[in-house]
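Dropping target-v3.txt in here (compact mmCIF, C-alpha atoms and all ligand atoms):
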```
# COMPACT_ATOMS: atom_id res chain seq x y z
CA MET A 1 29.80 -39.53 -35.37
CA CYS A 2 28.97 -35.85 -34.75
CA HIS A 3 28.43 -35.31 -31.02
CA VAL A 4 26.19 -32.32 -31.59
CA CYS A 5 23.52 -33.82 -33.84
CA ASN A 6 24.38 -37.53 -33.41
CA ASN A 7 23.25 -37.92 -36.96
CA HIS A 8 26.22 -37.53 -39.30
CA VAL A 9 29.87 -38.42 -39.62
CA GLU A 10 31.89 -35.63 -38.10
CA THR A 11 34.04 -34.13 -40.82
CA THR A 12 35.49 -30.62 -40.60
CA THR A 13 32.90 -29.38 -43.05
CA HIS A 14 30.10 -30.99 -41.10
CA ALA A 15 31.24 -29.81 -37.67
CA LEU A 16 31.91 -26.21 -38.65
CA LEU A 17 29.45 -25.57 -41.47
CA THR A 18 26.71 -28.03 -42.29
CA CYS A 19 25.69 -29.59 -38.98
CA ASP A 20 22.19 -28.29 -38.14
CA PHE A 21 23.55 -26.34 -35.21
CA ALA A 22 26.47 -24.84 -37.14
CA SER A 23 24.15 -24.01 -39.98
CA SER A 24 21.77 -22.14 -37.63
CA CYS A 25 24.76 -20.18 -36.35
CA TRP A 26 25.72 -19.20 -39.87
CA SER A 27 22.18 -18.09 -40.76
CA SER A 28 22.10 -16.00 -37.63
CA PHE A 29 25.57 -14.60 -38.33
CA GLU A 30 24.80 -13.40 -41.81
CA ALA A 31 22.01 -14.65 -43.97
CA SER A 32 23.88 -13.75 -47.15
CA PHE A 33 26.82 -15.91 -46.22
CA SER A 34 26.90 -18.37 -49.05
CA MET A 35 27.58 -22.03 -48.45
CA ALA A 36 27.57 -22.59 -52.19
CA THR A 37 31.10 -23.90 -52.61
CA LEU A 38 31.10 -26.63 -50.06
CA SER A 39 33.24 -29.34 -51.57
CA SER A 40 35.57 -28.99 -48.57
CA PHE A 41 36.13 -26.71 -45.63
CA GLY A 42 39.35 -25.49 -47.28
CA ASN A 43 37.50 -24.53 -50.45
CA TRP A 44 34.85 -22.70 -48.49
CA PHE A 45 37.46 -20.81 -46.50
CA GLU A 46 39.33 -19.82 -49.64
CA TYR A 47 36.13 -18.77 -51.36
CA MET A 48 35.20 -16.69 -48.33
CA GLN A 49 38.58 -14.94 -48.29
CA GLN A 50 38.26 -14.05 -51.95
CA THR A 51 34.67 -12.87 -51.70
CA PHE A 52 34.33 -10.93 -48.47
CA ASP A 53 36.17 -8.03 -46.94
CA VAL A 54 38.75 -8.46 -44.19
CA GLU A 55 36.34 -7.58 -41.39
CA GLN A 56 33.81 -10.21 -42.52
CA VAL A 57 36.54 -12.82 -42.90
CA CYS A 58 37.78 -12.09 -39.36
CA ARG A 59 34.30 -12.34 -37.92
CA ALA A 60 33.47 -15.52 -39.85
CA THR A 61 36.73 -17.10 -38.70
CA MET A 62 35.76 -16.37 -35.13
CA VAL A 63 32.37 -18.00 -35.74
CA CYS A 64 34.22 -21.16 -36.84
CA TRP A 65 36.24 -20.98 -33.64
CA ALA A 66 33.14 -20.46 -31.48
CA VAL A 67 31.23 -23.31 -33.19
CA TRP A 68 34.18 -25.61 -32.51
CA LYS A 69 34.39 -24.40 -28.91
CA ALA A 70 30.66 -25.09 -28.43
CA ARG A 71 31.19 -28.55 -29.93
CA ASN A 72 34.00 -29.22 -27.43
CA GLU A 73 31.83 -28.08 -24.55
CA THR A 74 29.19 -30.56 -25.69
CA VAL A 75 31.74 -33.37 -25.88
CA TRP A 76 33.69 -32.67 -22.70
CA GLU A 77 31.27 -30.90 -20.41
CA LYS A 78 27.90 -32.08 -21.74
CA LYS A 79 26.99 -28.43 -22.14
CA THR A 80 24.56 -27.21 -24.78
CA SER A 81 25.14 -23.78 -26.23
CA SER A 82 22.60 -21.58 -27.95
CA VAL A 83 23.15 -19.97 -31.35
CA GLU A 84 23.16 -16.60 -29.64
CA GLU A 85 25.91 -17.67 -27.22
CA VAL A 86 28.08 -18.82 -30.10
CA ILE A 87 27.67 -15.57 -32.03
CA THR A 88 28.28 -13.45 -28.92
CA SER A 89 31.31 -15.49 -27.89
CA ALA A 90 32.76 -15.05 -31.40
CA SER A 91 32.40 -11.28 -31.40
CA VAL A 92 33.44 -10.70 -27.78
CA THR A 93 36.55 -12.84 -28.19
CA LEU A 94 37.50 -11.03 -31.38
CA ASN A 95 37.19 -7.67 -29.57
CA HIS A 96 39.27 -8.92 -26.68
CA TRP A 97 41.89 -10.36 -28.95
CA ARG A 98 42.17 -7.13 -30.91
CA LYS A 99 42.63 -5.17 -27.71
CA ALA A 100 45.32 -7.55 -26.59
CA GLN A 101 47.18 -6.89 -29.85
CA ASP A 102 47.13 -3.15 -29.27
CA LYS A 103 50.85 -2.39 -29.59
CA THR A 104 50.82 0.85 -27.58
CA THR A 105 49.15 -0.75 -24.56
CA LEU A 106 51.39 -3.78 -24.81
CA LEU A 107 54.44 -1.57 -24.94
CA SER A 108 53.40 0.52 -21.94
CA LEU A 109 52.60 -2.63 -19.98
CA SER A 110 55.93 -4.24 -20.75
CA LEU A 111 57.82 -1.03 -19.93
CA GLU A 112 56.36 -1.10 -16.45
CA ASN A 113 57.78 -4.55 -16.00
CA ASN A 114 61.30 -4.05 -17.25
CA GLY A 115 64.15 -6.04 -15.80
CA ALA A 116 64.46 -9.61 -14.68
CA ARG A 117 62.95 -8.87 -11.26
CA SER A 118 59.49 -8.78 -12.74
CA GLU A 119 59.60 -12.57 -12.65
CA PHE A 120 59.33 -12.21 -8.88
CA TRP A 121 57.05 -10.41 -6.51
CA ILE A 122 58.47 -7.07 -5.34
CA LYS A 123 57.64 -5.39 -2.02
CA PRO A 124 55.70 -2.16 -2.23
CA GLY A 125 57.44 1.14 -1.39
CA THR A 126 57.40 2.76 2.07
CA ASN A 127 53.88 3.55 3.30
CA GLN A 128 52.43 1.65 0.37
CA ILE A 129 50.21 -1.40 0.37
CA LYS A 130 50.28 -3.98 -2.35
CA ILE A 131 47.32 -6.23 -3.05
CA ASN A 132 47.80 -9.25 -5.27
CA VAL A 133 44.65 -10.68 -6.74
CA ASP A 134 44.05 -13.89 -8.63
CA ALA A 135 41.00 -15.81 -9.75
CA THR A 136 40.49 -19.47 -10.44
CA LEU A 137 37.78 -21.62 -11.99
CA PHE A 138 36.70 -24.90 -10.41
CA GLN A 139 35.14 -26.33 -13.51
CA GLN A 140 34.14 -29.67 -12.04
CA GLU A 141 32.18 -27.96 -9.27
CA SER A 142 30.78 -25.26 -11.57
CA SER A 143 32.19 -22.62 -9.29
CA TYR A 144 34.91 -20.05 -9.11
CA GLY A 145 36.98 -18.34 -6.46
CA PHE A 146 39.46 -15.59 -6.00
CA GLY A 147 42.09 -14.61 -3.52
CA LEU A 148 43.25 -11.18 -2.38
CA VAL A 149 46.50 -10.73 -0.49
CA ALA A 150 47.46 -7.37 1.06
CA ARG A 151 51.06 -6.87 2.16
CA ASP A 152 53.01 -3.91 3.52
CA SER A 153 56.37 -2.47 2.52
CA SER A 154 58.27 -5.05 4.56
CA GLY A 155 56.42 -7.84 2.76
CA ARG A 156 54.40 -8.74 5.86
CA LEU A 157 50.88 -10.02 5.45
CA ILE A 158 48.30 -7.39 6.43
CA GLU A 159 45.32 -9.55 5.51
CA ALA A 160 44.27 -12.03 2.86
CA LYS A 161 40.73 -12.73 1.75
CA THR A 162 39.06 -15.55 -0.09
CA CYS A 163 35.82 -15.73 -1.99
CA TYR A 164 34.20 -18.88 -3.39
CA GLN A 165 30.95 -18.80 -5.38
CA GLY A 166 28.87 -21.11 -7.50
CA GLY A 167 28.52 -20.14 -11.14
CA VAL A 168 30.19 -20.61 -14.47
CA PHE A 169 31.87 -17.59 -16.00
CA PRO A 170 34.71 -17.11 -18.44
CA ASP A 171 38.16 -16.64 -17.00
CA GLU A 172 38.37 -12.91 -17.70
CA VAL A 173 35.03 -12.26 -15.96
CA VAL A 174 36.22 -13.91 -12.75
CA GLU A 175 39.55 -12.03 -12.95
CA ALA A 176 37.63 -8.74 -13.26
CA MET A 177 35.38 -9.74 -10.31
CA GLY A 178 38.51 -10.24 -8.21
CA ILE A 179 39.85 -6.80 -9.12
CA LYS A 180 36.50 -5.21 -8.35
CA GLU A 181 36.48 -6.97 -4.98
CA ALA A 182 40.00 -5.68 -4.26
CA LEU A 183 38.89 -2.13 -5.05
CA SER A 184 35.81 -2.41 -2.81
CA TRP A 185 38.03 -3.79 -0.08
CA ILE A 186 40.40 -0.79 -0.35
CA LYS A 187 37.40 1.51 -0.17
CA SER A 188 35.94 -0.17 2.92
CA LYS A 189 39.36 -0.09 4.66
CA ASN A 190 39.89 3.51 3.61
CA TRP A 191 43.39 2.62 2.39
CA HIS A 192 45.44 5.01 0.23
CA ASN A 193 48.60 4.44 -1.82
CA VAL A 194 47.72 0.95 -2.90
CA GLU A 195 48.98 -0.99 -5.86
CA ILE A 196 46.79 -3.84 -7.08
CA GLU A 197 48.61 -6.51 -9.06
CA THR A 198 46.91 -9.01 -11.35
CA ASP A 199 48.18 -11.39 -14.00
CA SER A 200 45.14 -10.67 -16.17
CA MET A 201 46.54 -8.40 -18.88
CA LEU A 202 43.14 -8.14 -20.51
CA SER A 203 41.63 -6.67 -17.32
CA VAL A 204 44.40 -4.11 -16.92
CA GLN A 205 44.16 -3.07 -20.55
CA SER A 206 40.40 -2.81 -20.41
CA ILE A 207 40.43 -0.76 -17.19
CA ARG A 208 42.81 1.70 -18.85
CA SER A 209 40.89 1.83 -22.09
CA ASN A 210 37.93 4.10 -22.88
CA GLN A 211 36.21 1.54 -25.02
CA ILE A 212 32.82 0.50 -23.70
CA MET A 213 31.87 -3.16 -23.90
CA SER A 214 28.35 -4.31 -23.19
CA SER A 215 29.36 -7.77 -21.95
CA ILE A 216 29.37 -8.87 -18.29
CA PHE A 217 33.12 -8.38 -18.46
CA GLY A 218 32.62 -4.85 -19.81
CA LEU A 219 30.21 -3.97 -17.01
CA LEU A 220 32.63 -5.25 -14.36
CA ILE A 221 35.41 -3.19 -15.93
CA GLN A 222 33.19 -0.10 -15.77
CA ASP A 223 32.55 -0.78 -12.07
CA CYS A 224 36.32 -1.04 -11.54
CA GLN A 225 36.88 2.27 -13.35
CA ILE A 226 34.25 4.03 -11.21
CA LEU A 227 35.70 2.59 -7.99
CA LEU A 228 39.24 3.54 -9.05
CA SER A 229 38.23 7.13 -9.71
CA SER A 230 36.79 7.35 -6.18
CA LEU A 231 40.04 6.16 -4.54
CA HIS A 232 43.18 8.10 -3.75
CA ASN A 233 46.42 6.96 -5.33
CA VAL A 234 45.32 3.43 -6.16
CA HIS A 235 46.63 1.74 -9.30
CA VAL A 236 46.07 -1.56 -11.06
CA ARG A 237 49.14 -3.12 -12.61
CA PHE A 238 49.82 -6.19 -14.71
CA ILE A 239 52.43 -8.69 -13.47
CA ARG A 240 53.59 -12.08 -14.57
CA ARG A 241 52.04 -15.18 -13.11
CA SER A 242 55.31 -16.11 -11.42
CA ALA A 243 55.10 -12.85 -9.44
CA ASN A 244 51.51 -13.58 -8.41
CA ARG A 245 51.99 -16.99 -6.79
CA VAL A 246 50.69 -16.09 -3.34
CA ALA A 247 47.37 -14.78 -4.67
CA HIS A 248 47.12 -17.87 -6.86
CA VAL A 249 47.56 -20.19 -3.87
CA VAL A 250 44.95 -18.27 -1.85
CA ALA A 251 42.51 -18.39 -4.78
CA ARG A 252 42.99 -22.16 -5.14
CA HIS A 253 42.36 -22.48 -1.41
CA SER A 254 39.12 -20.47 -1.53
CA ARG A 255 37.01 -23.62 -1.91
CA PHE A 256 38.06 -24.73 1.58
CA LEU A 257 37.91 -21.30 3.19
CA SER A 258 35.17 -19.34 1.55
CA GLY A 259 34.68 -15.75 2.66
CA CYS A 260 37.56 -16.01 5.10
CA SER A 261 39.98 -13.42 6.34
CA ILE A 262 43.49 -14.71 6.83
CA PHE A 263 45.93 -12.94 9.13
CA GLU A 264 49.43 -13.77 10.31
CA HIS A 265 48.07 -15.74 13.27
CA ASN A 266 45.85 -18.08 11.24
CA VAL A 267 47.83 -18.43 8.01
CA TRP A 268 48.41 -22.06 7.03
CA THR A 269 51.99 -23.35 6.88
CA ASP A 270 52.47 -23.66 3.13
CA LEU A 271 51.20 -20.17 2.56
CA GLN A 272 53.36 -18.86 5.36
CA SER A 273 56.51 -20.34 3.79
CA LEU A 274 55.55 -18.88 0.43
CA LEU A 275 54.99 -15.46 2.01
CA TYR A 276 58.35 -15.62 3.77
CA SER A 277 60.12 -16.69 0.61
CA GLU A 278 58.93 -13.51 -1.09
CA CYS A 279 59.85 -11.15 1.76
ZN ZN B 1 26.23 -32.69 -36.52
```
Full structure transcribed into structure tokens:
Amino acid sequence: MCHVCNNHVETTTHALLTCDFASSCWSSFEASFSMATLSSFGNWFEYMQQTFDVEQVCRATMVCWAVWKARNETVWEKKTSSVEEVITSASVTLNHWRKAQDKTTLLSLSLENNGARSEFWIKPGTNQIKINVDATLFQQESSYGFGLVARDSSGRLIEAKTCYQGGVFPDEVVEAMGIKEALSWIKSKNWHNVEIETDSMLSVQSIRSNQIMSSIFGLLIQDCQILLSSLHNVHVRFIRRSANRVAHVVARHSRFLSGCSIFEHNVWTDLQSLLYSEC
């Protein structure tokens, strides 16, 4: 049985095209989008590919994805989505995905991380500070948190910070919030020569791009760009997750220690061992 309307057997065609909710999404997406050849989802998809241009096919495919995602949120999280949310999610995700495929940015990002050492955290250079930032979602509690960890050139902890807030946001939004927080932190400390490291490639790419996005994510990225331009010798860099373990641990811990500052004297044992192991 379809979990969205509780009124029909859930076939692919029903879930993605003909369910009342899906059908409202399609009308809102493009009124001219014909559902004429509906003997199966496969037939519809083929018909669509033959009839519409590449851009429309891409966008329609993303609508299918977003309708299915909304259906899963109903099933697993008892969340109801609006037609508008589905259409926005489809177009935002397509934009993000296209950016992530941008070969030049990908190349420049991977060139920065050449060599096997990029699997591990690397100490900053002399007189430099490195801040690792990571965000995490606590879906069951409808909240999110992030962790910021500042270390000096000998790998010693200068300070770590946690933040824990109620609210449900997509992953990339929380990652961007963490980066913004790191930049504000640098500003308030009046630090120079700082490297911020995140494992959110999308955030790094977006910060470096000139493209303006009107989503919450886009606005956060703009804030980051403004903050960055006001700081001296501060850079945001993409690193692998394995090189961002300390920030990840602090972010996971944020729900116990919200809004806390952690220094060498009050660092908990597990974190201390992890910090030492990376020195
Ligand atoms: Zn249905």
Enumerate residues in contact with ligand ZN 1 (chain B): an atom-to-atom distance of at most 9 Å, counting only C-alpha atoms and all ligand atoms. Format the result as a ChimeraX atom specification. /A:1-10,14-16,18-22
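Distances to Gln49 in chain A were evaluated for A:Val246, A:His265, A:Gln272, A:Thr61 using only C-alpha atoms, and the minimum falls at A:Thr61.
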I want to know what sits within 8 Å of range 85-89 of chain A, based on only C-alpha atoms, with residues of the same chain fewer than 3 positions away left out; could you give that as number ranges by chain? A: 25, 28-29, 63, 66-67, 70, 81-82, 92-93
Please dump the current selection as a CSV table (one decimal), keeping the file's coordinate frame; keep C-alpha atoms.
```csv
chain,number,residue,atom,x,y,z
A,25,CYS,CA,24.8,-20.2,-36.4
A,28,SER,CA,22.1,-16.0,-37.6
A,29,PHE,CA,25.6,-14.6,-38.3
A,63,VAL,CA,32.4,-18.0,-35.7
A,66,ALA,CA,33.1,-20.5,-31.5
A,67,VAL,CA,31.2,-23.3,-33.2
A,70,ALA,CA,30.7,-25.1,-28.4
A,81,SER,CA,25.1,-23.8,-26.2
A,82,SER,CA,22.6,-21.6,-28.0
A,92,VAL,CA,33.4,-10.7,-27.8
A,93,THR,CA,36.6,-12.8,-28.2
```
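Proximity to Ile179 in chain A was assessed for A:Val194, A:Ile131, A:Cys64, A:Ala243 counting only C-alpha atoms; the smallest distance is recorded for A:Ile131.
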Considering all atoms listed in the file, return as an MDAnalysis selection string whatever protein or nucleic-acid residues lie within 12 Å of Asp270 in chain A, sequence-local ones (same chain, fewer than 5 positions apart) excluded. chainID A and resid 245:246 249:250 253 275:277
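Distances to Arg237 in chain A were evaluated for A:Ser200, A:Ser258, A:Gln56, A:Ser91 using all atoms listed in the file, and the minimum falls at A:Ser200.
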Any idea what's packed within 9 Å of range 41-43 of chain A, counting only C-alpha atoms, ignoring anything in its chain fewer than 3 positions away? Could you give it as a CSV table (one decimal) with C-alpha atoms, in the frame of the given file?
```
chain,number,residue,atom,x,y,z
A,12,THR,CA,35.5,-30.6,-40.6
A,13,THR,CA,32.9,-29.4,-43.0
A,14,HIS,CA,30.1,-31.0,-41.1
A,16,LEU,CA,31.9,-26.2,-38.6
A,17,LEU,CA,29.4,-25.6,-41.5
A,37,THR,CA,31.1,-23.9,-52.6
A,38,LEU,CA,31.1,-26.6,-50.1
A,46,GLU,CA,39.3,-19.8,-49.6
A,47,TYR,CA,36.1,-18.8,-51.4
A,48,MET,CA,35.2,-16.7,-48.3
```
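Residue nearest Trp191 in chain A, chosen from A:Ser206, A:Gln128, A:Ser242, A:Thr269 and counting all atoms listed in the file: A:Gln128.
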Residues near Leu183 in chain A, anyone? I mean within 9 Å using all atoms listed in the file, not counting same-chain ones fewer than 3 positions away, as number ranges by chain. A: 178-180, 186-188, 196, 224, 227-228, 231, 234
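Using only C-alpha atoms for every distance, the candidate list A:Glu84, A:Ile262, A:Phe169, A:Tyr144 yields A:Glu84 as the residue closest to Ser24 in chain A.
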Pick from A:Gln139, A:Thr11, A:Thr198, A:Asn132: nearest to Arg240 in chain A, with only C-alpha atoms counted? A:Thr198
Could you tell me, as a ChimeraX atom specification, which residues have any atom at most 6 Å from (57.7, -10.5, -1.5), counting all atoms listed in the file? /A:121-123,155,278-279
Is there a way to get, as a list in words, all residues within 6 Å of the point (41.5, -14.4, -2.4) in file coordinates, counting all atoms listed in the file? Phe146, Gly147, Leu148, Lys161, Thr162, Cys163, Val250 and Ala251 of chain A
Please enclose the listed atoms of range 151-161 of chain A in an axis-aligned box, pad each side by 4 Å, and write out the centre and the three edge lengths in Å, rounded to one decimal, as AutoDock Vina command-line options.
```
--center_x 49.5 --center_y -7.6 --center_z 4.1 --size_x 25.5 --size_y 18.3 --size_z 12.7
```
